[in-house]
file run_34.pdb (PDB, C-alpha atoms, pLDDT in the B column)
ATOM      1  CA  MET A   1      14.935  -4.989 -17.867  1.00 43.00           C
ATOM      2  CA  LYS A   2      16.679  -8.335 -17.403  1.00 36.00           C
ATOM      3  CA  ALA A   3      16.669  -8.253 -13.608  1.00 40.00           C
ATOM      4  CA  LEU A   4      12.990  -7.388 -13.570  1.00 37.00           C
ATOM      5  CA  THR A   5      12.112 -10.128 -16.058  1.00 35.00           C
ATOM      6  CA  PHE A   6      13.931 -12.632 -13.883  1.00 35.00           C
ATOM      7  CA  CYS A   7      12.131 -11.460 -10.756  1.00 39.00           C
ATOM      8  CA  LEU A   8       8.728 -11.604 -12.421  1.00 37.00           C
ATOM      9  CA  ALA A   9       9.419 -15.185 -13.414  1.00 34.00           C
ATOM     10  CA  LEU A  10       9.800 -16.261  -9.802  1.00 36.00           C
ATOM     11  CA  ALA A  11       7.027 -18.412  -8.383  1.00 33.00           C
ATOM     12  CA  MET A  12       5.080 -16.463  -5.783  1.00 34.00           C
ATOM     13  CA  SER A  13       4.632 -18.063  -2.389  1.00 35.00           C
ATOM     14  CA  ALA A  14       1.614 -17.611  -0.119  1.00 36.00           C
ATOM     15  CA  LEU A  15       1.824 -15.213   2.807  1.00 34.00           C
ATOM     16  CA  PRO A  16       0.357 -15.971   6.265  1.00 35.00           C
ATOM     17  CA  PRO A  17      -3.355 -16.743   6.781  1.00 35.00           C
ATOM     18  CA  VAL A  18      -5.771 -14.158   5.443  1.00 36.00           C
ATOM     19  CA  ALA A  19      -6.886 -11.424   7.832  1.00 38.00           C
ATOM     20  CA  LYS A  20     -10.578 -10.812   8.304  1.00 39.00           C
ATOM     21  CA  ALA A  21     -11.628  -7.493   6.804  1.00 41.00           C
ATOM     22  CA  GLU A  22     -14.636  -5.254   6.577  1.00 56.00           C
ATOM     23  CA  GLY A  23     -14.953  -1.941   4.818  1.00 76.00           C
ATOM     24  CA  PRO A  24     -12.241  -0.843   2.388  1.00 94.00           C
ATOM     25  CA  VAL A  25      -9.712  -3.457   1.322  1.00 97.00           C
ATOM     26  CA  VAL A  26      -6.147  -2.141   1.234  1.00 98.00           C
ATOM     27  CA  VAL A  27      -4.106  -2.733  -1.919  1.00 98.00           C
ATOM     28  CA  GLU A  28      -0.468  -1.611  -1.899  1.00 98.00           C
ATOM     29  CA  LEU A  29       1.293  -1.287  -5.256  1.00 98.00           C
ATOM     30  CA  PHE A  30       5.077  -1.270  -5.285  1.00 98.00           C
ATOM     31  CA  THR A  31       6.053   0.506  -8.488  1.00 98.00           C
ATOM     32  CA  SER A  32       8.672   2.750 -10.085  1.00 98.00           C
ATOM     33  CA  GLN A  33       9.040   5.280 -12.872  1.00 97.00           C
ATOM     34  CA  GLY A  34      12.120   3.302 -13.912  1.00 95.00           C
ATOM     35  CA  CYS A  35      10.208   0.029 -14.383  1.00 96.00           C
ATOM     36  CA  SER A  36       9.148  -0.690 -17.961  1.00 95.00           C
ATOM     37  CA  SER A  37       6.728  -3.393 -16.775  1.00 97.00           C
ATOM     38  CA  CYS A  38       4.895  -1.093 -14.358  1.00 98.00           C
ATOM     39  CA  PRO A  39       2.547   1.077 -16.494  1.00 98.00           C
ATOM     40  CA  PRO A  40      -0.170  -1.634 -16.761  1.00 98.00           C
ATOM     41  CA  ALA A  41      -0.171  -1.992 -12.960  1.00 98.00           C
ATOM     42  CA  ASP A  42      -0.186   1.792 -12.565  1.00 98.00           C
ATOM     43  CA  ALA A  43      -3.283   1.875 -14.795  1.00 98.00           C
ATOM     44  CA  ILE A  44      -4.973  -0.682 -12.531  1.00 98.00           C
ATOM     45  CA  MET A  45      -4.220   1.541  -9.538  1.00 98.00           C
ATOM     46  CA  HIS A  46      -6.105   4.366 -11.266  1.00 98.00           C
ATOM     47  CA  ARG A  47      -9.168   2.114 -11.445  1.00 98.00           C
ATOM     48  CA  LEU A  48      -8.798   0.945  -7.841  1.00 98.00           C
ATOM     49  CA  ALA A  49      -8.470   4.548  -6.662  1.00 98.00           C
ATOM     50  CA  ARG A  50     -11.980   5.272  -7.952  1.00 97.00           C
ATOM     51  CA  ARG A  51     -13.561   2.533  -5.823  1.00 98.00           C
ATOM     52  CA  ASP A  52     -15.127   3.256  -2.436  1.00 96.00           C
ATOM     53  CA  ASP A  53     -14.543  -0.294  -1.229  1.00 97.00           C
ATOM     54  CA  VAL A  54     -10.791  -0.219  -1.890  1.00 98.00           C
ATOM     55  CA  ILE A  55      -7.964   1.887  -0.501  1.00 98.00           C
ATOM     56  CA  GLY A  56      -5.311   1.798  -3.202  1.00 98.00           C
ATOM     57  CA  LEU A  57      -1.840   3.089  -2.314  1.00 98.00           C
ATOM     58  CA  ALA A  58       1.104   3.439  -4.705  1.00 98.00           C
ATOM     59  CA  LEU A  59       4.474   3.100  -2.999  1.00 98.00           C
ATOM     60  CA  HIS A  60       7.281   4.099  -5.363  1.00 98.00           C
ATOM     61  CA  VAL A  61      10.571   2.316  -4.657  1.00 98.00           C
ATOM     62  CA  ASP A  62      14.113   3.483  -5.330  1.00 97.00           C
ATOM     63  CA  TYR A  63      15.970   0.359  -6.395  1.00 96.00           C
ATOM     64  CA  TRP A  64      15.506   0.942 -10.140  1.00 95.00           C
ATOM     65  CA  ASP A  65      17.024   4.424  -9.976  1.00 95.00           C
ATOM     66  CA  TYR A  66      20.433   3.083 -10.990  1.00 92.00           C
ATOM     67  CA  ILE A  67      19.309   2.270 -14.540  1.00 90.00           C
ATOM     68  CA  GLY A  68      19.211   5.915 -15.566  1.00 89.00           C
ATOM     69  CA  TRP A  69      16.170   7.660 -14.137  1.00 94.00           C
ATOM     70  CA  VAL A  70      15.632   8.713 -10.529  1.00 96.00           C
ATOM     71  CA  ASP A  71      12.001   8.313  -9.459  1.00 97.00           C
ATOM     72  CA  ASP A  72      11.241  11.532  -7.581  1.00 95.00           C
ATOM     73  CA  PHE A  73       8.211   9.910  -5.924  1.00 98.00           C
ATOM     74  CA  ALA A  74      10.334   7.119  -4.439  1.00 98.00           C
ATOM     75  CA  ASP A  75      11.139   6.731  -0.770  1.00 98.00           C
ATOM     76  CA  PRO A  76      13.705   4.257   0.636  1.00 97.00           C
ATOM     77  CA  ALA A  77      11.153   3.476   3.359  1.00 98.00           C
ATOM     78  CA  HIS A  78       8.873   1.991   0.699  1.00 98.00           C
ATOM     79  CA  THR A  79      11.654  -0.369  -0.365  1.00 98.00           C
ATOM     80  CA  LEU A  80      12.176  -1.380   3.273  1.00 97.00           C
ATOM     81  CA  ARG A  81       8.455  -2.062   3.652  1.00 98.00           C
ATOM     82  CA  GLN A  82       8.462  -4.277   0.564  1.00 98.00           C
ATOM     83  CA  GLN A  83      11.537  -6.117   1.841  1.00 98.00           C
ATOM     84  CA  ALA A  84       9.784  -6.692   5.170  1.00 97.00           C
ATOM     85  CA  TYR A  85       6.802  -8.233   3.385  1.00 98.00           C
ATOM     86  CA  ALA A  86       9.204 -10.483   1.484  1.00 97.00           C
ATOM     87  CA  ARG A  87      10.855 -11.685   4.695  1.00 96.00           C
ATOM     88  CA  VAL A  88       7.492 -12.497   6.262  1.00 95.00           C
ATOM     89  CA  GLY A  89       6.492 -14.374   3.112  1.00 93.00           C
ATOM     90  CA  GLY A  90       9.752 -16.338   2.945  1.00 93.00           C
ATOM     91  CA  ARG A  91      10.883 -14.718  -0.294  1.00 91.00           C
ATOM     92  CA  SER A  92      14.482 -13.715  -0.965  1.00 90.00           C
ATOM     93  CA  MET A  93      13.805 -11.157  -3.703  1.00 93.00           C
ATOM     94  CA  ILE A  94      11.541  -8.179  -4.375  1.00 96.00           C
ATOM     95  CA  TYR A  95      10.246  -6.931  -7.699  1.00 97.00           C
ATOM     96  CA  THR A  96       7.985  -4.424  -9.411  1.00 98.00           C
ATOM     97  CA  PRO A  97       5.136  -4.216 -10.077  1.00 98.00           C
ATOM     98  CA  GLN A  98       3.895  -6.056  -7.007  1.00 98.00           C
ATOM     99  CA  MET A  99       0.591  -5.660  -5.175  1.00 98.00           C
ATOM    100  CA  ILE A 100       0.025  -6.678  -1.565  1.00 98.00           C
ATOM    101  CA  VAL A 101      -3.648  -7.150  -0.666  1.00 98.00           C
ATOM    102  CA  GLN A 102      -4.714  -6.523   2.942  1.00 97.00           C
ATOM    103  CA  GLY A 103      -1.126  -7.078   4.089  1.00 97.00           C
ATOM    104  CA  VAL A 104      -1.194 -10.839   3.560  1.00 95.00           C
ATOM    105  CA  GLU A 105      -1.287 -11.848  -0.103  1.00 94.00           C
ATOM    106  CA  ASP A 106       0.947 -10.826  -2.973  1.00 95.00           C
ATOM    107  CA  VAL A 107       0.320 -10.844  -6.688  1.00 97.00           C
ATOM    108  CA  VAL A 108       2.077  -9.532  -9.783  1.00 97.00           C
ATOM    109  CA  GLY A 109       0.653  -6.028 -10.052  1.00 96.00           C
ATOM    110  CA  ALA A 110      -0.444  -6.301 -13.669  1.00 97.00           C
ATOM    111  CA  ARG A 111      -2.663  -9.354 -13.054  1.00 97.00           C
ATOM    112  CA  GLU A 112      -5.912  -7.476 -12.585  1.00 98.00           C
ATOM    113  CA  ASP A 113      -8.172 -10.539 -12.463  1.00 98.00           C
ATOM    114  CA  GLN A 114      -6.208 -11.985  -9.547  1.00 98.00           C
ATOM    115  CA  VAL A 115      -6.166  -8.660  -7.730  1.00 98.00           C
ATOM    116  CA  LEU A 116      -9.933  -8.243  -8.109  1.00 98.00           C
ATOM    117  CA  ALA A 117     -10.578 -11.796  -6.922  1.00 98.00           C
ATOM    118  CA  LEU A 118      -8.503 -11.217  -3.790  1.00 97.00           C
ATOM    119  CA  ILE A 119     -10.366  -7.982  -3.080  1.00 97.00           C
ATOM    120  CA  GLU A 120     -13.727  -9.769  -3.290  1.00 96.00           C
ATOM    121  CA  ALA A 121     -12.493 -12.569  -1.034  1.00 95.00           C
ATOM    122  CA  HIS A 122     -11.448 -10.109   1.658  1.00 94.00           C
ATOM    123  CA  LYS A 123     -14.675  -8.133   1.392  1.00 91.00           C
ATOM    124  CA  ALA A 124     -16.614 -11.289   2.273  1.00 88.00           C
ATOM    125  CA  ARG A 125     -14.966 -11.646   5.676  1.00 84.00           C
ATOM    126  CA  PRO A 126     -16.251  -9.953   8.853  1.00 82.00           C
ATOM    127  CA  ALA A 127     -13.925  -7.621  10.741  1.00 79.00           C
ATOM    128  CA  PRO A 128     -12.493  -8.527  14.175  1.00 78.00           C
ATOM    129  CA  MET A 129     -12.476  -4.860  15.220  1.00 88.00           C
ATOM    130  CA  GLY A 130     -14.010  -1.469  14.618  1.00 91.00           C
ATOM    131  CA  LEU A 131     -12.131   1.581  13.338  1.00 94.00           C
ATOM    132  CA  ALA A 132     -13.347   5.141  12.947  1.00 94.00           C
ATOM    133  CA  ALA A 133     -11.364   8.229  11.962  1.00 95.00           C
ATOM    134  CA  SER A 134     -12.500  11.835  11.817  1.00 95.00           C
ATOM    135  CA  ARG A 135     -10.771  15.124  11.121  1.00 94.00           C
ATOM    136  CA  VAL A 136     -11.319  18.672  12.331  1.00 94.00           C
ATOM    137  CA  GLY A 137      -8.797  21.063  10.846  1.00 92.00           C
ATOM    138  CA  ASP A 138      -5.345  19.576  11.418  1.00 93.00           C
ATOM    139  CA  ASP A 139      -6.514  17.239  14.191  1.00 95.00           C
ATOM    140  CA  ILE A 140      -7.401  13.602  13.494  1.00 96.00           C
ATOM    141  CA  THR A 141      -9.212  11.427  16.047  1.00 97.00           C
ATOM    142  CA  ILE A 142      -8.930   7.648  15.739  1.00 97.00           C
ATOM    143  CA  THR A 143     -11.196   5.281  17.674  1.00 96.00           C
ATOM    144  CA  LEU A 144     -10.422   1.560  17.952  1.00 95.00           C
ATOM    145  CA  THR A 145     -13.016  -0.911  19.214  1.00 93.00           C
ATOM    146  CA  PRO A 146     -12.431  -4.670  19.653  1.00 89.00           C
ATOM    147  CA  GLY A 147     -14.949  -6.967  18.033  1.00 78.00           C
ATOM    148  CA  ALA A 148     -16.117 -10.488  18.769  1.00 69.00           C
ATOM    149  CA  GLY A 149     -13.150 -11.994  16.950  1.00 63.00           C
ATOM    150  CA  ALA A 150     -10.490  -9.680  18.364  1.00 63.00           C
ATOM    151  CA  GLN A 151      -7.335 -11.299  19.668  1.00 71.00           C
ATOM    152  CA  ALA A 152      -4.683  -9.914  21.962  1.00 73.00           C
ATOM    153  CA  GLY A 153      -1.581  -8.911  20.090  1.00 81.00           C
ATOM    154  CA  PHE A 154       0.650  -6.090  18.965  1.00 89.00           C
ATOM    155  CA  TYR A 155      -0.992  -3.856  16.389  1.00 93.00           C
ATOM    156  CA  ALA A 156       0.467  -0.763  14.759  1.00 96.00           C
ATOM    157  CA  VAL A 157      -1.876   2.138  14.086  1.00 97.00           C
ATOM    158  CA  GLN A 158      -0.596   3.840  10.941  1.00 98.00           C
ATOM    159  CA  LEU A 159      -1.437   7.125   9.250  1.00 98.00           C
ATOM    160  CA  VAL A 160      -0.829   7.320   5.508  1.00 98.00           C
ATOM    161  CA  ARG A 161      -0.906  10.558   3.496  1.00 98.00           C
ATOM    162  CA  TYR A 162      -1.056  10.474  -0.292  1.00 98.00           C
ATOM    163  CA  THR A 163      -1.499  12.608  -3.393  1.00 98.00           C
ATOM    164  CA  PRO A 164      -4.454  11.465  -5.529  1.00 98.00           C
ATOM    165  CA  LEU A 165      -2.776  12.277  -8.861  1.00 98.00           C
ATOM    166  CA  ARG A 166       0.823  13.059  -9.789  1.00 98.00           C
ATOM    167  CA  HIS A 167       2.361  13.521 -13.221  1.00 98.00           C
ATOM    168  CA  ALA A 168       5.845  12.501 -14.337  1.00 97.00           C
ATOM    169  CA  SER A 169       7.736  13.489 -17.505  1.00 97.00           C
ATOM    170  CA  ILE A 170      10.296  10.704 -17.751  1.00 96.00           C
ATOM    171  CA  GLN A 171      13.465  11.769 -19.590  1.00 95.00           C
ATOM    172  CA  ARG A 172      15.759   8.759 -19.258  1.00 93.00           C
ATOM    173  CA  GLY A 173      15.712   5.059 -18.531  1.00 90.00           C
ATOM    174  CA  GLU A 174      13.475   2.412 -20.055  1.00 90.00           C
ATOM    175  CA  LEU A 175      10.413   4.682 -20.073  1.00 94.00           C
ATOM    176  CA  ALA A 176      12.245   7.665 -21.563  1.00 94.00           C
ATOM    177  CA  GLY A 177       9.895   9.997 -23.401  1.00 95.00           C
ATOM    178  CA  HIS A 178       6.766   8.876 -21.556  1.00 96.00           C
ATOM    179  CA  GLU A 179       4.331  11.261 -19.900  1.00 97.00           C
ATOM    180  CA  LEU A 180       2.645   9.265 -17.118  1.00 97.00           C
ATOM    181  CA  ASP A 181       0.056   9.947 -14.439  1.00 98.00           C
ATOM    182  CA  TYR A 182       0.171   8.057 -11.152  1.00 98.00           C
ATOM    183  CA  ALA A 183      -2.757   7.570  -8.758  1.00 98.00           C
ATOM    184  CA  ASN A 184      -2.689   7.692  -4.936  1.00 98.00           C
ATOM    185  CA  VAL A 185       1.051   8.265  -4.607  1.00 98.00           C
ATOM    186  CA  VAL A 186       2.089   7.786  -0.980  1.00 98.00           C
ATOM    187  CA  ASP A 187       3.850  10.814   0.518  1.00 97.00           C
ATOM    188  CA  SER A 188       4.234   9.661   4.119  1.00 97.00           C
ATOM    189  CA  TRP A 189       3.595   6.559   6.190  1.00 97.00           C
ATOM    190  CA  GLN A 190       3.947   6.793   9.943  1.00 96.00           C
ATOM    191  CA  VAL A 191       3.083   4.743  13.006  1.00 96.00           C
ATOM    192  CA  VAL A 192       1.016   6.979  15.280  1.00 96.00           C
ATOM    193  CA  GLY A 193       0.178   4.506  18.017  1.00 96.00           C
ATOM    194  CA  GLN A 194       0.003   0.937  19.246  1.00 95.00           C
ATOM    195  CA  TRP A 195      -2.944  -1.173  20.312  1.00 93.00           C
ATOM    196  CA  ASP A 196      -3.369  -4.441  22.174  1.00 90.00           C
ATOM    197  CA  GLY A 197      -6.607  -5.397  20.403  1.00 87.00           C
ATOM    198  CA  GLN A 198      -8.489  -5.880  23.665  1.00 87.00           C
ATOM    199  CA  SER A 199      -9.834  -2.559  24.895  1.00 88.00           C
ATOM    200  CA  GLU A 200     -11.321   0.499  23.258  1.00 93.00           C
ATOM    201  CA  LYS A 201      -8.700   3.116  22.497  1.00 94.00           C
ATOM    202  CA  ARG A 202      -8.751   6.667  21.203  1.00 96.00           C
ATOM    203  CA  LEU A 203      -5.793   8.422  19.609  1.00 96.00           C
ATOM    204  CA  SER A 204      -5.341  12.032  18.569  1.00 96.00           C
ATOM    205  CA  VAL A 205      -2.927  13.002  15.807  1.00 95.00           C
ATOM    206  CA  THR A 206      -2.044  16.464  14.528  1.00 94.00           C
ATOM    207  CA  THR A 207      -1.294  16.817  10.824  1.00 92.00           C
ATOM    208  CA  GLU A 208      -0.577  19.647   8.427  1.00 89.00           C
ATOM    209  CA  GLY A 209      -1.772  20.294   4.904  1.00 90.00           C
ATOM    210  CA  GLU A 210      -4.757  19.154   2.890  1.00 90.00           C
ATOM    211  CA  LEU A 211      -3.491  15.815   1.583  1.00 95.00           C
ATOM    212  CA  PRO A 212      -5.959  12.923   1.936  1.00 96.00           C
ATOM    213  CA  ALA A 213      -5.252  10.472   4.740  1.00 97.00           C
ATOM    214  CA  VAL A 214      -6.127   6.917   5.681  1.00 97.00           C
ATOM    215  CA  VAL A 215      -5.675   4.984   8.902  1.00 97.00           C
ATOM    216  CA  LEU A 216      -4.554   1.346   8.901  1.00 97.00           C
ATOM    217  CA  VAL A 217      -4.405  -1.080  11.808  1.00 96.00           C
ATOM    218  CA  GLN A 218      -1.858  -3.779  11.046  1.00 96.00           C
ATOM    219  CA  GLN A 219      -0.429  -6.689  12.952  1.00 93.00           C
ATOM    220  CA  ALA A 220       3.287  -6.405  13.579  1.00 88.00           C
ATOM    221  CA  GLY A 221       5.502  -8.113  11.050  1.00 88.00           C
ATOM    222  CA  PRO A 222       4.232  -6.494   8.839  1.00 94.00           C
ATOM    223  CA  GLY A 223       1.265  -8.819   9.032  1.00 94.00           C
ATOM    224  CA  PRO A 224      -2.428  -8.689   8.214  1.00 94.00           C
ATOM    225  CA  ILE A 225      -4.213  -5.373   7.984  1.00 95.00           C
ATOM    226  CA  LEU A 226      -7.193  -5.829  10.271  1.00 92.00           C
ATOM    227  CA  ALA A 227      -8.980  -2.557   9.524  1.00 93.00           C
ATOM    228  CA  ALA A 228      -8.701   0.547   7.369  1.00 96.00           C
ATOM    229  CA  ALA A 229     -10.584   3.808   7.198  1.00 96.00           C
ATOM    230  CA  ARG A 230     -10.449   6.994   5.204  1.00 96.00           C
ATOM    231  CA  VAL A 231     -10.133  10.123   7.294  1.00 94.00           C
ATOM    232  CA  GLU A 232     -13.321  12.093   6.694  1.00 81.00           C
TER     233      GLU A 232
END

call {"tool": "encode", "arguments": {"input": "run_34.pdb", "output": "C-alpha cells"}}
result
Amino acid sequence: MKALTFCLALAMSALPPVAKAEGPVVVELFTSQGCSSCPPADAIMHRLARRDDVIGLALHVDYWDYIGWVDDFADPAHTLRQQAYARVGGRSMIYTPQMIVQGVEDVVGAREDQVLALIEAHKARPAPMGLAASRVGDDITITLTPGAGAQAGFYAVQLVRYTPLRHASIQRGELAGHELDYANVVDSWQVVGQWDGQSEKRLSVTTEGELPAVVLVQQAGPGPILAAARVE
C-alpha cells in the first residue's frame, strides 16, 4: 500500500501537554480491514483489551475502502475523529495503524514498546477529577467530581459502546484470504453531556442492549482525556 507506506514514513509530531490520568488509560487504535500494515497493531489491541488498567478501543476507518474491500466495522465518524486529532496535533495527514494514548499522544500502532511506555507514564500521574459510572438495566448513572487539580473548561462526557470480539473473513484487497479477529471494536461513540470541571455533576443516560460501555471525559478539541471508567 504505497499511500500507507508514505504516511507511515512521516515524522510524528507531539500533541499538546499530557493530561493527568488515574485509573484506566485510554488507547484508541485507528485501523482498517483494508490495511495490510494493521494486523500487528490489531494483535496489540487484543493484549491491551485484557488489561484492567487500560481501556483499548478499536476505531475502524473507511478511507481504505476504495482499494477493494469495504470494512464493515468502519464508521465515517471514526475518520472524522482521527482527522480532528491530526488538526490539533498540527498534522496534515492521517494513517493506519495509529494509536492515540489518553487523547494527547500519537504513535504508530505497531510500536508496542512505545505504546506501553506511554501507558506507564500516564498511569503515574494523579487525576484532576473523579469519575464513577454505574448501570442498572438500561440506565447508566455518571458522577463527576472535581479534584484538587481541576480547572474550569469545556469538557465532553462521552459514552462509548463496543463489541469485545468481532471476526472478519476478508475476500478482497491487500488482506484477501485472511480470517482475522478484532478486539474492542467500537460500535457507537456519543456525547451525552457537558461539564465545566468545577462542580459535582450527575448525568443519567438510557441505553439499549448488552454491549459493554465506557465513559470518557475529554477536553474539547479533541484534547486530553482527563478520566475514564468502565460501566459496571

call {"tool": "atom_distance", "arguments": {"input": "run_34.pdb", "atom1": "atom CA of A:Ala229", "atom2": "atom CA of A:Leu131"}}
result
6.7 Å

call {"tool": "residues_around", "arguments": {"input": "run_34.pdb", "residues": "A:Asn184", "least_positions_apart": "4", "cutoff": "10 Å", "atoms": "all atoms listed in the file", "output": "PDB file with C-alpha atoms, in the frame of the given file"}}
result
ATOM      1  CA  LEU A  29       1.293  -1.287  -5.256  1.00 98.00           C
ATOM      2  CA  ASP A  42      -0.186   1.792 -12.565  1.00 98.00           C
ATOM      3  CA  MET A  45      -4.220   1.541  -9.538  1.00 98.00           C
ATOM      4  CA  HIS A  46      -6.105   4.366 -11.266  1.00 98.00           C
ATOM      5  CA  LEU A  48      -8.798   0.945  -7.841  1.00 98.00           C
ATOM      6  CA  ALA A  49      -8.470   4.548  -6.662  1.00 98.00           C
ATOM      7  CA  ILE A  55      -7.964   1.887  -0.501  1.00 98.00           C
ATOM      8  CA  GLY A  56      -5.311   1.798  -3.202  1.00 98.00           C
ATOM      9  CA  LEU A  57      -1.840   3.089  -2.314  1.00 98.00           C
ATOM     10  CA  ALA A  58       1.104   3.439  -4.705  1.00 98.00           C
ATOM     11  CA  LEU A  59       4.474   3.100  -2.999  1.00 98.00           C
ATOM     12  CA  ARG A 161      -0.906  10.558   3.496  1.00 98.00           C
ATOM     13  CA  TYR A 162      -1.056  10.474  -0.292  1.00 98.00           C
ATOM     14  CA  THR A 163      -1.499  12.608  -3.393  1.00 98.00           C
ATOM     15  CA  PRO A 164      -4.454  11.465  -5.529  1.00 98.00           C
ATOM     16  CA  LEU A 165      -2.776  12.277  -8.861  1.00 98.00           C
ATOM     17  CA  ARG A 166       0.823  13.059  -9.789  1.00 98.00           C
ATOM     18  CA  PRO A 212      -5.959  12.923   1.936  1.00 96.00           C
TER      19      PRO A 212
END

call {"tool": "resolve_selection", "arguments": {"input": "run_34.pdb", "expression": "the PyMOL selection byres ((chain A and resi 190) around 8)", "output": "PyMOL selection string"}}
result
chain A and resi 158-160+188-189+191-192

call {"tool": "resolve_selection", "arguments": {"input": "run_34.pdb", "expression": "the PyMOL selection byres ((chain A and resi 116-130) around 10)", "output": "PyMOL selection string"}}
result
chain A and resi 18-27+48+53-54+100-102+105-107+111-115+131-132+143-151+197-198+200+217+226-229

call {"tool": "residues_around", "arguments": {"input": "run_34.pdb", "residues": "A:Ser169", "least_positions_apart": "6", "cutoff": "7 Å", "atoms": "all atoms listed in the file", "output": "ChimeraX atom specification"}}
result
/A:178-180

call {"tool": "axis_aligned_box", "arguments": {"input": "run_34.pdb", "around": "stretch 153-165 of chain A", "padding_each_side": "5 Å", "output": "lines of an AutoDock Vina configuration file"}}
result
center_x = -1.9
center_y = 1.8
center_z = 5.6
size_x = 15.1
size_y = 31.5
size_z = 39.0

call {"tool": "atom_distance", "arguments": {"input": "run_34.pdb", "atom1": "atom CA of A:Pro97", "atom2": "atom CA of A:Gln33"}}
result
10.6 Å

call {"tool": "atom_distance", "arguments": {"input": "run_34.pdb", "atom1": "atom CA of A:Gln218", "atom2": "atom CA of A:Val231"}}
result
16.6 Å

call {"tool": "resolve_selection", "arguments": {"input": "run_34.pdb", "expression": "the PyMOL selection byres ((chain A and resi 67-79) around 9)", "output": "VMD selection string"}}
result
chain A and resid 30 to 34 59 to 66 80 to 84 94 166 168 170 to 176 185 to 189

call {"tool": "write_last_selection", "arguments": {"input": "run_34.pdb", "atoms": "C-alpha atoms", "output": "mmCIF file, keeping the file's coordinate frame"}}
result
data_model
loop_
_atom_site.group_PDB
_atom_site.id
_atom_site.type_symbol
_atom_site.label_atom_id
_atom_site.label_comp_id
_atom_site.auth_asym_id
_atom_site.auth_seq_id
_atom_site.Cartn_x
_atom_site.Cartn_y
_atom_site.Cartn_z
ATOM 1 C CA PHE A 30 5.077 -1.270 -5.285
ATOM 2 C CA THR A 31 6.053 0.506 -8.488
ATOM 3 C CA SER A 32 8.672 2.750 -10.085
ATOM 4 C CA GLN A 33 9.040 5.280 -12.872
ATOM 5 C CA GLY A 34 12.120 3.302 -13.912
ATOM 6 C CA LEU A 59 4.474 3.100 -2.999
ATOM 7 C CA HIS A 60 7.281 4.099 -5.363
ATOM 8 C CA VAL A 61 10.571 2.316 -4.657
ATOM 9 C CA ASP A 62 14.113 3.483 -5.330
ATOM 10 C CA TYR A 63 15.970 0.359 -6.395
ATOM 11 C CA TRP A 64 15.506 0.942 -10.140
ATOM 12 C CA ASP A 65 17.024 4.424 -9.976
ATOM 13 C CA TYR A 66 20.433 3.083 -10.990
ATOM 14 C CA LEU A 80 12.176 -1.380 3.273
ATOM 15 C CA ARG A 81 8.455 -2.062 3.652
ATOM 16 C CA GLN A 82 8.462 -4.277 0.564
ATOM 17 C CA GLN A 83 11.537 -6.117 1.841
ATOM 18 C CA ALA A 84 9.784 -6.692 5.170
ATOM 19 C CA ILE A 94 11.541 -8.179 -4.375
ATOM 20 C CA ARG A 166 0.823 13.059 -9.789
ATOM 21 C CA ALA A 168 5.845 12.501 -14.337
ATOM 22 C CA ILE A 170 10.296 10.704 -17.751
ATOM 23 C CA GLN A 171 13.465 11.769 -19.590
ATOM 24 C CA ARG A 172 15.759 8.759 -19.258
ATOM 25 C CA GLY A 173 15.712 5.059 -18.531
ATOM 26 C CA GLU A 174 13.475 2.412 -20.055
ATOM 27 C CA LEU A 175 10.413 4.682 -20.073
ATOM 28 C CA ALA A 176 12.245 7.665 -21.563
ATOM 29 C CA VAL A 185 1.051 8.265 -4.607
ATOM 30 C CA VAL A 186 2.089 7.786 -0.980
ATOM 31 C CA ASP A 187 3.850 10.814 0.518
ATOM 32 C CA SER A 188 4.234 9.661 4.119
ATOM 33 C CA TRP A 189 3.595 6.559 6.190
#

call {"tool": "residues_near_point", "arguments": {"input": "run_34.pdb", "point": "(6.8, -12.5, 4.7)", "cutoff": "12 Å", "atoms": "all atoms listed in the file", "output": "PDB file with C-alpha atoms, in the coordinates of the input"}}
result
ATOM      1  CA  MET A  12       5.080 -16.463  -5.783  1.00 34.00           C
ATOM      2  CA  SER A  13       4.632 -18.063  -2.389  1.00 35.00           C
ATOM      3  CA  ALA A  14       1.614 -17.611  -0.119  1.00 36.00           C
ATOM      4  CA  LEU A  15       1.824 -15.213   2.807  1.00 34.00           C
ATOM      5  CA  PRO A  16       0.357 -15.971   6.265  1.00 35.00           C
ATOM      6  CA  PRO A  17      -3.355 -16.743   6.781  1.00 35.00           C
ATOM      7  CA  ARG A  81       8.455  -2.062   3.652  1.00 98.00           C
ATOM      8  CA  GLN A  82       8.462  -4.277   0.564  1.00 98.00           C
ATOM      9  CA  GLN A  83      11.537  -6.117   1.841  1.00 98.00           C
ATOM     10  CA  ALA A  84       9.784  -6.692   5.170  1.00 97.00           C
ATOM     11  CA  TYR A  85       6.802  -8.233   3.385  1.00 98.00           C
ATOM     12  CA  ALA A  86       9.204 -10.483   1.484  1.00 97.00           C
ATOM     13  CA  ARG A  87      10.855 -11.685   4.695  1.00 96.00           C
ATOM     14  CA  VAL A  88       7.492 -12.497   6.262  1.00 95.00           C
ATOM     15  CA  GLY A  89       6.492 -14.374   3.112  1.00 93.00           C
ATOM     16  CA  GLY A  90       9.752 -16.338   2.945  1.00 93.00           C
ATOM     17  CA  ARG A  91      10.883 -14.718  -0.294  1.00 91.00           C
ATOM     18  CA  SER A  92      14.482 -13.715  -0.965  1.00 90.00           C
ATOM     19  CA  MET A  93      13.805 -11.157  -3.703  1.00 93.00           C
ATOM     20  CA  ILE A  94      11.541  -8.179  -4.375  1.00 96.00           C
ATOM     21  CA  ILE A 100       0.025  -6.678  -1.565  1.00 98.00           C
ATOM     22  CA  GLY A 103      -1.126  -7.078   4.089  1.00 97.00           C
ATOM     23  CA  VAL A 104      -1.194 -10.839   3.560  1.00 95.00           C
ATOM     24  CA  GLU A 105      -1.287 -11.848  -0.103  1.00 94.00           C
ATOM     25  CA  ASP A 106       0.947 -10.826  -2.973  1.00 95.00           C
ATOM     26  CA  ALA A 220       3.287  -6.405  13.579  1.00 88.00           C
ATOM     27  CA  GLY A 221       5.502  -8.113  11.050  1.00 88.00           C
ATOM     28  CA  PRO A 222       4.232  -6.494   8.839  1.00 94.00           C
ATOM     29  CA  GLY A 223       1.265  -8.819   9.032  1.00 94.00           C
ATOM     30  CA  PRO A 224      -2.428  -8.689   8.214  1.00 94.00           C
TER      31      PRO A 224
END

call {"tool": "closest_residue", "arguments": {"input": "run_34.pdb", "among": "A:Ile44, A:Ala156, A:Ala133, A:Ile225", "to": "A:Val205", "atoms": "only C-alpha atoms"}}
result
A:Ala133
